[in-house]
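target37.txt follows; it contains compact mmCIF, C-alpha atoms.
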```
# COMPACT_ATOMS: atom_id res chain seq x y z
CA MET A 1 97.41 105.77 121.97
CA LYS A 2 100.17 103.21 121.43
CA ILE A 3 100.85 102.36 117.79
CA THR A 4 102.92 99.53 116.33
CA PHE A 5 103.91 99.53 112.67
CA LEU A 6 104.51 96.28 110.83
CA GLY A 7 107.00 97.40 108.20
CA GLY A 8 109.24 100.45 108.28
CA GLY A 9 109.32 101.56 104.64
CA ASN A 10 108.69 104.98 103.12
CA MET A 11 105.00 105.25 103.97
CA ALA A 12 105.49 104.03 107.54
CA SER A 13 108.32 106.54 107.94
CA ALA A 14 106.09 109.32 106.60
CA LEU A 15 103.35 108.41 109.07
CA ILE A 16 105.75 108.21 112.00
CA GLY A 17 107.24 111.59 111.11
CA GLY A 18 103.80 113.13 110.71
CA LEU A 19 102.58 111.74 114.02
CA LEU A 20 105.63 113.05 115.86
CA GLU A 21 105.09 116.49 114.33
CA ARG A 22 101.53 116.42 115.65
CA GLY A 23 102.58 115.76 119.21
CA PHE A 24 102.62 111.99 119.47
CA ALA A 25 105.35 110.71 121.80
CA ALA A 26 108.14 108.62 120.29
CA ALA A 27 107.77 106.24 123.24
CA ASP A 28 104.25 105.39 122.05
CA LEU A 29 105.42 104.34 118.57
CA GLN A 30 107.13 101.05 117.72
CA VAL A 31 108.15 99.39 114.46
CA VAL A 32 108.61 95.75 113.53
CA GLU A 33 111.02 95.70 110.59
CA LEU A 34 113.08 92.78 109.27
CA GLY A 35 115.85 94.86 107.72
CA GLU A 36 118.67 95.64 110.13
CA ALA A 37 119.73 98.80 108.31
CA ALA A 38 116.15 100.05 108.15
CA ARG A 39 115.64 99.38 111.87
CA GLY A 40 118.75 101.35 112.71
CA ALA A 41 117.70 104.25 110.50
CA LEU A 42 114.22 104.42 112.06
CA ALA A 43 115.57 104.32 115.60
CA GLN A 44 118.16 107.00 114.86
CA ARG A 45 115.88 109.30 112.90
CA PHE A 46 112.73 109.12 115.03
CA ARG A 47 113.97 107.75 118.37
CA VAL A 48 111.34 105.02 118.24
CA ARG A 49 111.76 101.40 119.26
CA ALA A 50 112.44 99.25 116.21
CA VAL A 51 112.67 95.46 116.50
CA GLU A 52 112.98 92.49 114.16
CA THR A 53 110.01 90.43 115.39
CA PHE A 54 106.89 90.86 117.49
CA ASP A 55 107.30 90.63 121.24
CA ASP A 56 105.10 91.41 124.22
CA ALA A 57 105.84 95.14 123.99
CA THR A 58 104.95 95.47 120.31
CA LEU A 59 101.78 93.43 120.79
CA ALA A 60 100.72 95.65 123.72
CA CYS A 61 99.46 98.35 121.36
CA ASP A 62 96.13 100.01 120.74
CA VAL A 63 96.64 100.21 116.97
CA LEU A 64 98.56 97.98 114.59
CA VAL A 65 99.42 99.55 111.23
CA LEU A 66 100.14 97.05 108.45
CA ALA A 67 102.70 98.73 106.21
CA VAL A 68 104.32 95.88 104.28
CA LYS A 69 103.93 95.21 100.56
CA PRO A 70 100.68 93.46 99.58
CA GLN A 71 102.56 90.49 98.12
CA GLN A 72 104.36 89.99 101.45
CA MET A 73 101.38 90.53 103.74
CA LYS A 74 100.11 86.98 104.17
CA ALA A 75 103.54 85.68 105.23
CA ALA A 76 104.16 88.72 107.43
CA LEU A 77 100.90 88.17 109.31
CA ALA A 78 101.38 84.44 109.87
CA PRO A 79 103.24 84.92 113.19
CA LEU A 80 100.34 87.06 114.43
CA ALA A 81 97.50 84.64 113.68
CA GLY A 82 95.27 84.39 116.75
CA ARG A 83 97.57 86.51 118.93
CA LEU A 84 95.76 89.85 118.77
CA GLY A 85 93.21 91.05 121.27
CA GLY A 86 90.94 93.97 120.49
CA GLN A 87 93.52 96.10 118.70
CA LEU A 88 92.45 98.29 115.85
CA VAL A 89 94.27 97.12 112.72
CA ILE A 90 94.89 99.60 109.91
CA SER A 91 96.10 98.32 106.55
CA ILE A 92 97.76 100.62 104.03
CA ALA A 93 98.46 97.76 101.62
CA ALA A 94 96.86 98.33 98.22
CA GLY A 95 94.27 95.83 97.06
CA LEU A 96 94.04 93.59 100.11
CA ARG A 97 90.49 93.12 101.36
CA LEU A 98 89.43 93.25 104.97
CA ALA A 99 87.97 89.74 104.87
CA ASP A 100 91.31 88.30 103.80
CA LEU A 101 93.28 90.32 106.35
CA GLY A 102 90.85 89.34 109.08
CA ARG A 103 91.15 85.67 108.17
CA TRP A 104 94.96 85.79 108.18
CA LEU A 105 95.09 87.62 111.50
CA GLY A 106 92.46 85.64 113.35
CA ALA A 107 92.28 82.19 114.85
CA PRO A 108 90.64 79.34 112.87
CA GLY A 109 86.96 80.12 112.53
CA LYS A 110 87.34 83.48 114.28
CA PRO A 111 88.67 86.24 112.00
CA HIS A 112 89.91 89.51 113.44
CA ALA A 113 87.24 92.15 112.93
CA ARG A 114 88.43 95.62 114.00
CA LEU A 115 89.94 96.52 110.66
CA VAL A 116 90.35 99.70 108.63
CA ARG A 117 91.56 99.64 105.04
CA CYS A 118 93.40 102.72 103.80
CA MET A 119 94.92 103.93 100.54
CA PRO A 120 97.36 106.84 100.98
CA ASN A 121 99.26 108.21 98.01
CA THR A 122 102.89 109.18 97.52
CA PRO A 123 102.52 112.92 98.27
CA ALA A 124 102.03 111.69 101.84
CA LEU A 125 105.83 111.47 101.89
CA ILE A 126 105.88 115.28 102.10
CA GLY A 127 102.73 115.61 104.21
CA ALA A 128 100.56 116.51 101.21
CA GLY A 129 98.78 113.22 100.60
CA VAL A 130 95.15 112.23 100.47
CA THR A 131 94.00 108.94 101.93
CA GLY A 132 90.82 107.00 101.29
CA LEU A 133 89.61 104.91 104.24
CA TYR A 134 87.00 102.23 104.80
CA ALA A 135 86.20 100.72 108.20
CA ASP A 136 84.70 97.33 108.95
CA PRO A 137 81.24 97.81 110.52
CA SER A 138 82.65 96.48 113.81
CA VAL A 139 84.85 99.59 114.14
CA ASP A 140 83.25 102.13 116.45
CA ALA A 141 83.40 105.91 116.24
CA ALA A 142 86.50 106.02 118.44
CA GLY A 143 88.26 103.56 116.12
CA ARG A 144 87.36 105.60 113.06
CA GLU A 145 88.57 108.76 114.78
CA ALA A 146 91.88 107.06 115.64
CA ALA A 147 92.37 105.90 112.06
CA GLY A 148 91.57 109.37 110.78
CA ARG A 149 94.10 110.94 113.15
CA ILE A 150 96.86 108.56 112.10
CA LEU A 151 96.35 108.90 108.34
CA GLY A 152 95.55 112.60 108.74
CA ALA A 153 99.14 113.06 109.91
CA VAL A 154 100.25 112.95 106.26
CA GLY A 155 97.45 114.86 104.54
CA SER A 156 93.69 114.91 104.07
CA THR A 157 91.31 111.95 104.39
CA VAL A 158 88.14 110.77 102.65
CA TRP A 159 85.94 107.98 104.01
CA ALA A 160 84.40 105.46 101.62
CA ASP A 161 80.89 104.11 102.27
CA ASP A 162 81.61 100.71 100.76
CA GLU A 163 84.81 98.68 100.61
CA ALA A 164 84.37 98.24 96.85
CA GLN A 165 85.05 101.98 96.53
CA MET A 166 88.61 101.42 97.75
CA ASP A 167 89.59 100.09 94.32
CA ALA A 168 88.32 103.37 92.89
CA VAL A 169 90.31 105.32 95.50
CA THR A 170 93.41 103.41 94.41
CA ALA A 171 92.70 104.23 90.77
CA ILE A 172 92.00 107.94 91.35
CA SER A 173 94.27 109.16 94.13
CA GLY A 174 96.59 106.20 94.65
CA SER A 175 97.68 106.07 91.01
CA GLY A 176 96.73 109.70 90.40
CA PRO A 177 100.16 111.22 91.08
CA ALA A 178 101.52 109.22 88.15
CA TYR A 179 98.90 110.77 85.87
CA VAL A 180 99.91 114.23 87.06
CA PHE A 181 103.61 113.45 86.60
CA HIS A 182 102.85 112.26 83.08
CA PHE A 183 101.03 115.53 82.36
CA ILE A 184 104.01 117.49 83.69
CA GLU A 185 106.31 115.43 81.45
CA ALA A 186 104.22 116.32 78.41
CA LEU A 187 104.01 120.02 79.31
CA GLU A 188 107.78 120.10 79.89
CA SER A 189 108.38 118.38 76.57
CA ALA A 190 106.24 120.97 74.83
CA GLY A 191 108.23 123.73 76.52
CA ARG A 192 111.52 122.28 75.30
CA GLY A 193 110.06 121.98 71.81
CA LEU A 194 109.21 125.67 71.91
CA GLY A 195 112.77 126.70 72.73
CA PHE A 196 113.17 126.58 76.53
CA ASP A 197 116.05 124.71 78.11
CA GLU A 198 115.27 121.73 80.35
CA ALA A 199 115.38 123.70 83.60
CA GLY A 200 113.13 126.47 82.32
CA ALA A 201 110.62 124.09 80.72
CA ARG A 202 110.43 122.02 83.90
CA ARG A 203 109.95 125.06 86.13
CA LEU A 204 107.16 126.39 83.91
CA ALA A 205 105.42 122.99 83.89
CA ILE A 206 105.73 122.17 87.60
CA ASP A 207 104.83 125.63 88.89
CA THR A 208 101.85 125.82 86.54
CA VAL A 209 100.46 122.56 87.91
CA LEU A 210 101.29 123.53 91.48
CA GLY A 211 99.66 126.95 91.20
CA ALA A 212 96.58 125.66 89.40
CA ALA A 213 96.07 122.98 92.05
CA ARG A 214 96.37 125.54 94.84
CA LEU A 215 93.90 127.82 93.10
CA ALA A 216 91.43 124.94 92.68
CA ALA A 217 91.86 123.98 96.35
CA ASP A 218 91.35 127.53 97.63
CA SER A 219 88.55 128.58 95.28
CA GLU A 220 84.83 128.12 95.85
CA ASP A 221 84.46 127.64 92.09
CA SER A 222 84.44 124.18 90.56
CA PRO A 223 87.36 123.13 88.35
CA ALA A 224 85.00 123.34 85.37
CA LEU A 225 84.14 126.97 86.16
CA LEU A 226 87.79 127.87 86.75
CA ARG A 227 88.60 126.37 83.35
CA GLN A 228 85.85 128.44 81.73
CA LYS A 229 87.10 131.62 83.40
CA VAL A 230 90.59 131.23 81.91
CA THR A 231 89.32 130.29 78.45
CA SER A 232 88.72 133.41 76.35
CA LYS A 233 86.62 133.12 73.22
CA GLY A 234 88.92 132.73 70.23
CA GLY A 235 92.03 132.78 72.42
CA THR A 236 95.04 130.56 72.93
CA THR A 237 93.54 128.47 75.74
CA GLU A 238 90.45 127.73 73.67
CA ALA A 239 92.67 126.53 70.81
CA ALA A 240 94.61 124.25 73.16
CA LEU A 241 91.50 122.79 74.78
CA ALA A 242 89.92 122.20 71.38
CA SER A 243 92.99 120.23 70.37
CA LEU A 244 92.82 118.16 73.55
CA ALA A 245 89.12 117.47 72.96
CA ALA A 246 89.78 116.39 69.41
CA SER A 247 92.40 113.92 70.65
CA GLY A 248 89.92 112.35 73.06
CA TRP A 249 92.07 113.29 76.06
CA HIS A 250 89.20 113.48 78.58
CA ASP A 251 87.73 110.10 77.68
CA ALA A 252 91.20 108.55 77.57
CA LEU A 253 91.91 109.66 81.14
CA VAL A 254 88.56 108.36 82.38
CA ALA A 255 89.26 105.05 80.65
CA ALA A 256 92.71 104.92 82.25
CA VAL A 257 91.23 105.36 85.73
CA GLU A 258 88.66 102.65 85.00
CA ALA A 259 91.46 100.32 83.86
CA ALA A 260 93.33 100.95 87.11
CA GLU A 261 90.17 100.25 89.12
CA THR A 262 89.63 96.97 87.28
CA ARG A 263 93.23 95.93 87.86
CA GLY A 264 92.88 96.78 91.54
CA ARG A 265 89.94 94.39 91.88
CA GLU A 266 91.86 91.68 90.05
CA LEU A 267 94.87 92.09 92.32
CA GLY A 268 92.67 91.93 95.39
CA GLU A 269 91.25 88.61 94.24
CA GLN A 270 94.69 87.21 93.45
CA LEU A 271 96.40 88.37 96.63
CA GLY A 272 93.56 87.22 98.88
CA LYS A 273 93.77 83.56 97.87
CA ASP A 274 94.86 81.07 100.51
```
Would you kindly transcribe this structure into structure tokens?
Amino acid sequence: MKITFLGGGNMASALIGGLLERGFAAADLQVVELGEAARGALAQRFRVRAVETFDDATLACDVLVLAVKPQQMKAALAPLAGRLGGQLVISIAAGLRLADLGRWLGAPGKPHARLVRCMPNTPALIGAGVTGLYADPSVDAAGREAAGRILGAVGSTVWADDEAQMDAVTAISGSGPAYVFHFIEALESAGRGLGFDEAGARRLAIDTVLGAARLAADSEDSPALLRQKVTSKGGTTEAALASLAASGWHDALVAAVEAAETRGRELGEQLGKD
């Protein structure tokens, strides 16, 4: 499977590194990247071919991965309009809808159809991400399997049944690391307030979140049951959870995710305009 990346930023680099670790050949991976310094870094680090513009070699791919910023996508795809054959196109640009991408990639009156929309998150940079995917109905089982292999190189994958769910994926897992970082910030701040130095408070906060996440991932119990198991009647955890409940923490987080989902839909509408 020959793969060309449009854009050589952090997420593209993470995917290339993950693919190489899983046995893909560097000769089968190419990158189209405008930045000279970035091209040099990619070629040196991964031994892949990195070029400034599309040529016959980069177009002779089985899969094209769109890894440029959403705001830059329309202009970046302009040189490709009508030039693709039956390549599978995978977009990792947040918010952009398949109909808009297909229109920009295709010839007049004939949009490109073999499209998969993906939303990885930043832990993919260390191979611990989770990616939501949605495939256009024209994508066959082999195309879905290829997309899953590529995004699976940087973590786990979850398929959405409807493209509208991708805005929810963005709100939950795409933006989710920021919610977790914010929680760690608050826990660290509490630790400093209770007498720990910065290093100790941060270690307690980060390792608590890391360990709890691993326990939730490895346990057959639901997060709700795990929470109940650690909450003794009349104990310290019960007092803390009661305080969180009184502050409306749960509903506030749900509302935050809903706000992110709404903003994702708005951005999709704005970015997709011709």
My list of candidates is A:Pro177, A:Arg203, A:Arg114, A:Ala246. Which is closest to Gln87 in chain A when distances are computed with all atoms listed in the file?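 Once distances to Gln87 in chain A are computed over all atoms listed in the file, the minimum belongs to A:Arg114.
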Counting all atoms listed in the file, which residues come within 7 Å of (114.7, 97.9, 114.0), with the point read in the file's coordinates, and could you list them as a list in words?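 Here is the list of nearby residues: Val31, Val32, Glu33, Glu36, Ala38, Arg39, Gly40, Leu42, Ala43, Arg49, Ala50, Val51 and Glu52 of chain A.
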What is the distance, in Å and to one decimal place, between CA of Gly86 in chain A and CA of Val68 in chain A?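 Computing the Euclidean distance for CA of Gly86 in chain A and CA of Val68 in chain A yields 21.1 Å.
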Separation of CA of Ser13 in chain A and CA of Ile90 in chain A, in Å?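 One can read the CA of Ser13 in chain A to CA of Ile90 in chain A distance as 15.2 Å.
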Which neighbours of range 10-12 of chain A fall inside 10 Å, counting only C-alpha atoms, when residues of the same chain fewer than 6 positions from it are skipped, and could you give them as a ChimeraX atom specification? /A:18,31,42,65-68,92,120-125,154
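Across the structure, CA of Ser175 in chain A and CA of Leu204 in chain A are spaced 23.5 Å apart.
Minimum atom-to-atom distances from A:Glu163, A:Ala81, A:Gly106, A:Met119 to Tyr134 in chain A were compared using all atoms listed in the file, and the lowest value belongs to A:Glu163.
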Spatial neighbours of Met73 in chain A, max dist 12 Å, all atoms listed in the file, sep filter under 5 positions, as a list in words: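 So, after excluding close chain neighbours, the residues are Leu6, Gly7, Val65, Leu66, Ala67, Val68, Ala78, Pro79, Leu80, Ser91, Ile92, Ala93, Ala94, Gly95, Leu96, Arg97, Asp100, Leu101, Gly102, Trp104, Leu105, Leu271, Gly272, Lys273 and Asp274 of chain A.
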Select from range 74-140 of chain A every residue with an atom at most 9 Å from any atom of range 56-59 of chain A, then for each give the shortest pair of atoms and their distance in Å to one decimal, using all atoms listed in the file, rows by chain and rising number, as a tab-separated table.
```
residue	atom	partner	partner_atom	distance
A:Arg83	CA	A:Leu59	CA	8.3
A:Leu84	CA	A:Leu59	CA	7.3
A:Gly85	CA	A:Leu59	CA	8.9
A:Gln87	CA	A:Leu59	CA	8.9
```
May I ask which of the residues A:Gly148, A:Arg227, A:Phe46, A:Gln30 is the closest one to Cys61 in chain A, counting only C-alpha atoms? A:Gln30
For Ala178 in chain A, which residue out of A:Leu253, A:Ala199, A:Leu244, A:Ala27 is the nearest one, using only C-alpha atoms?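 Result for the nearest residue to Ala178 in chain A: A:Leu253.
Nearest residue to Gly152 in chain A among A:Ala14, A:Met166, A:Ala256, A:Ala113 is A:Ala14, counting all atoms listed in the file.
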Using all atoms listed in the file, determine which residues lie at most 9 Å from Ala171 in chain A, disregarding the query and same-chain residues fewer than 4 positions distant; provide the list as a ChimeraX atom specification. /A:166-167,175-176,256-264
Restricted to all heavy atoms, what does range 154-168 of chain A look like when written out as an mmCIF file, in the first residue's frame?
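Once everything was written out, this is part-v3.cif:
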```cif
data_model
loop_
_atom_site.group_PDB
_atom_site.id
_atom_site.type_symbol
_atom_site.label_atom_id
_atom_site.label_comp_id
_atom_site.auth_asym_id
_atom_site.auth_seq_id
_atom_site.Cartn_x
_atom_site.Cartn_y
_atom_site.Cartn_z
ATOM 1 N N VAL A 154 -1.424 4.770 15.416
ATOM 2 C CA VAL A 154 -1.165 5.718 16.506
ATOM 3 C C VAL A 154 -2.144 5.546 17.670
ATOM 4 O O VAL A 154 -2.278 6.431 18.507
ATOM 5 C CB VAL A 154 -1.191 7.178 15.998
ATOM 6 C CG1 VAL A 154 -0.010 7.451 15.091
ATOM 7 C CG2 VAL A 154 -2.518 7.492 15.289
ATOM 8 N N GLY A 155 -2.822 4.402 17.731
ATOM 9 C CA GLY A 155 -3.736 4.171 18.845
ATOM 10 C C GLY A 155 -4.954 3.363 18.423
ATOM 11 O O GLY A 155 -4.937 2.677 17.404
ATOM 12 N N SER A 156 -6.006 3.467 19.204
ATOM 13 C CA SER A 156 -7.225 2.713 18.926
ATOM 14 C C SER A 156 -8.133 3.491 17.972
ATOM 15 O O SER A 156 -7.932 4.683 17.723
ATOM 16 C CB SER A 156 -7.970 2.410 20.226
ATOM 17 O OG SER A 156 -8.332 3.617 20.886
ATOM 18 N N THR A 157 -9.139 2.806 17.426
ATOM 19 C CA THR A 157 -10.056 3.424 16.475
ATOM 20 C C THR A 157 -11.504 3.081 16.823
ATOM 21 O O THR A 157 -11.785 2.011 17.359
ATOM 22 C CB THR A 157 -9.770 2.965 15.035
ATOM 23 O OG1 THR A 157 -9.870 1.530 14.972
ATOM 24 C CG2 THR A 157 -8.381 3.389 14.587
ATOM 25 N N VAL A 158 -12.399 4.006 16.494
ATOM 26 C CA VAL A 158 -13.837 3.807 16.680
ATOM 27 C C VAL A 158 -14.535 4.312 15.424
ATOM 28 O O VAL A 158 -14.319 5.462 15.012
ATOM 29 C CB VAL A 158 -14.366 4.582 17.910
ATOM 30 C CG1 VAL A 158 -15.883 4.433 18.023
ATOM 31 C CG2 VAL A 158 -13.694 4.101 19.189
ATOM 32 N N TRP A 159 -15.365 3.482 14.810
ATOM 33 C CA TRP A 159 -16.084 3.881 13.606
ATOM 34 C C TRP A 159 -17.431 4.502 13.961
ATOM 35 O O TRP A 159 -18.155 3.992 14.798
ATOM 36 C CB TRP A 159 -16.304 2.689 12.687
ATOM 37 C CG TRP A 159 -15.069 2.284 11.947
ATOM 38 C CD1 TRP A 159 -14.146 1.357 12.329
ATOM 39 C CD2 TRP A 159 -14.606 2.821 10.706
ATOM 40 N NE1 TRP A 159 -13.137 1.273 11.399
ATOM 41 C CE2 TRP A 159 -13.391 2.162 10.381
ATOM 42 C CE3 TRP A 159 -15.097 3.795 9.826
ATOM 43 C CZ2 TRP A 159 -12.676 2.445 9.229
ATOM 44 C CZ3 TRP A 159 -14.371 4.074 8.674
ATOM 45 C CH2 TRP A 159 -13.184 3.409 8.381
ATOM 46 N N ALA A 160 -17.738 5.613 13.310
ATOM 47 C CA ALA A 160 -19.033 6.268 13.478
ATOM 48 C C ALA A 160 -19.987 5.765 12.402
ATOM 49 O O ALA A 160 -19.585 5.462 11.276
ATOM 50 C CB ALA A 160 -18.874 7.784 13.360
ATOM 51 N N ASP A 161 -21.271 5.671 12.760
ATOM 52 C CA ASP A 161 -22.286 5.195 11.814
ATOM 53 C C ASP A 161 -22.811 6.305 10.920
ATOM 54 O O ASP A 161 -23.392 6.039 9.873
ATOM 55 C CB ASP A 161 -23.461 4.567 12.579
ATOM 56 C CG ASP A 161 -23.044 3.344 13.366
ATOM 57 O OD1 ASP A 161 -22.183 2.583 12.868
ATOM 58 O OD2 ASP A 161 -23.574 3.140 14.472
ATOM 59 N N ASP A 162 -22.630 7.541 11.343
ATOM 60 C CA ASP A 162 -23.159 8.695 10.623
ATOM 61 C C ASP A 162 -22.124 9.810 10.685
ATOM 62 O O ASP A 162 -21.484 10.015 11.732
ATOM 63 C CB ASP A 162 -24.474 9.153 11.269
ATOM 64 C CG ASP A 162 -25.173 10.221 10.465
ATOM 65 O OD1 ASP A 162 -24.691 11.371 10.473
ATOM 66 O OD2 ASP A 162 -26.197 9.925 9.822
ATOM 67 N N GLU A 163 -21.963 10.541 9.600
ATOM 68 C CA GLU A 163 -20.949 11.592 9.585
ATOM 69 C C GLU A 163 -21.217 12.663 10.634
ATOM 70 O O GLU A 163 -20.279 13.272 11.160
ATOM 71 C CB GLU A 163 -20.830 12.234 8.205
ATOM 72 C CG GLU A 163 -19.674 13.206 8.123
ATOM 73 C CD GLU A 163 -19.433 13.798 6.750
ATOM 74 O OE1 GLU A 163 -20.229 13.497 5.829
ATOM 75 O OE2 GLU A 163 -18.464 14.564 6.596
ATOM 76 N N ALA A 164 -22.503 12.888 10.957
ATOM 77 C CA ALA A 164 -22.830 13.896 11.964
ATOM 78 C C ALA A 164 -22.193 13.570 13.310
ATOM 79 O O ALA A 164 -21.932 14.474 14.120
ATOM 80 C CB ALA A 164 -24.345 14.011 12.112
ATOM 81 N N GLN A 165 -21.921 12.287 13.557
ATOM 82 C CA GLN A 165 -21.286 11.888 14.818
ATOM 83 C C GLN A 165 -19.846 12.364 14.917
ATOM 84 O O GLN A 165 -19.287 12.407 16.015
ATOM 85 C CB GLN A 165 -21.319 10.367 14.965
ATOM 86 C CG GLN A 165 -22.688 9.778 15.226
ATOM 87 C CD GLN A 165 -22.626 8.271 15.353
ATOM 88 O OE1 GLN A 165 -22.269 7.564 14.410
ATOM 89 N NE2 GLN A 165 -22.943 7.771 16.540
ATOM 90 N N MET A 166 -19.236 12.738 13.798
ATOM 91 C CA MET A 166 -17.841 13.159 13.839
ATOM 92 C C MET A 166 -17.659 14.455 14.620
ATOM 93 O O MET A 166 -16.605 14.685 15.213
ATOM 94 C CB MET A 166 -17.285 13.306 12.427
ATOM 95 C CG MET A 166 -17.153 11.973 11.688
ATOM 96 S SD MET A 166 -16.104 10.779 12.562
ATOM 97 C CE MET A 166 -14.520 11.591 12.462
ATOM 98 N N ASP A 167 -18.683 15.311 14.639
ATOM 99 C CA ASP A 167 -18.596 16.512 15.472
ATOM 100 C C ASP A 167 -18.590 16.131 16.951
ATOM 101 O O ASP A 167 -17.930 16.781 17.764
ATOM 102 C CB ASP A 167 -19.757 17.455 15.163
ATOM 103 C CG ASP A 167 -19.660 18.056 13.769
ATOM 104 O OD1 ASP A 167 -18.540 18.400 13.346
ATOM 105 O OD2 ASP A 167 -20.701 18.157 13.096
ATOM 106 N N ALA A 168 -19.326 15.065 17.287
ATOM 107 C CA ALA A 168 -19.315 14.579 18.666
ATOM 108 C C ALA A 168 -17.972 13.941 19.007
ATOM 109 O O ALA A 168 -17.457 14.094 20.121
ATOM 110 C CB ALA A 168 -20.448 13.573 18.882
#
```
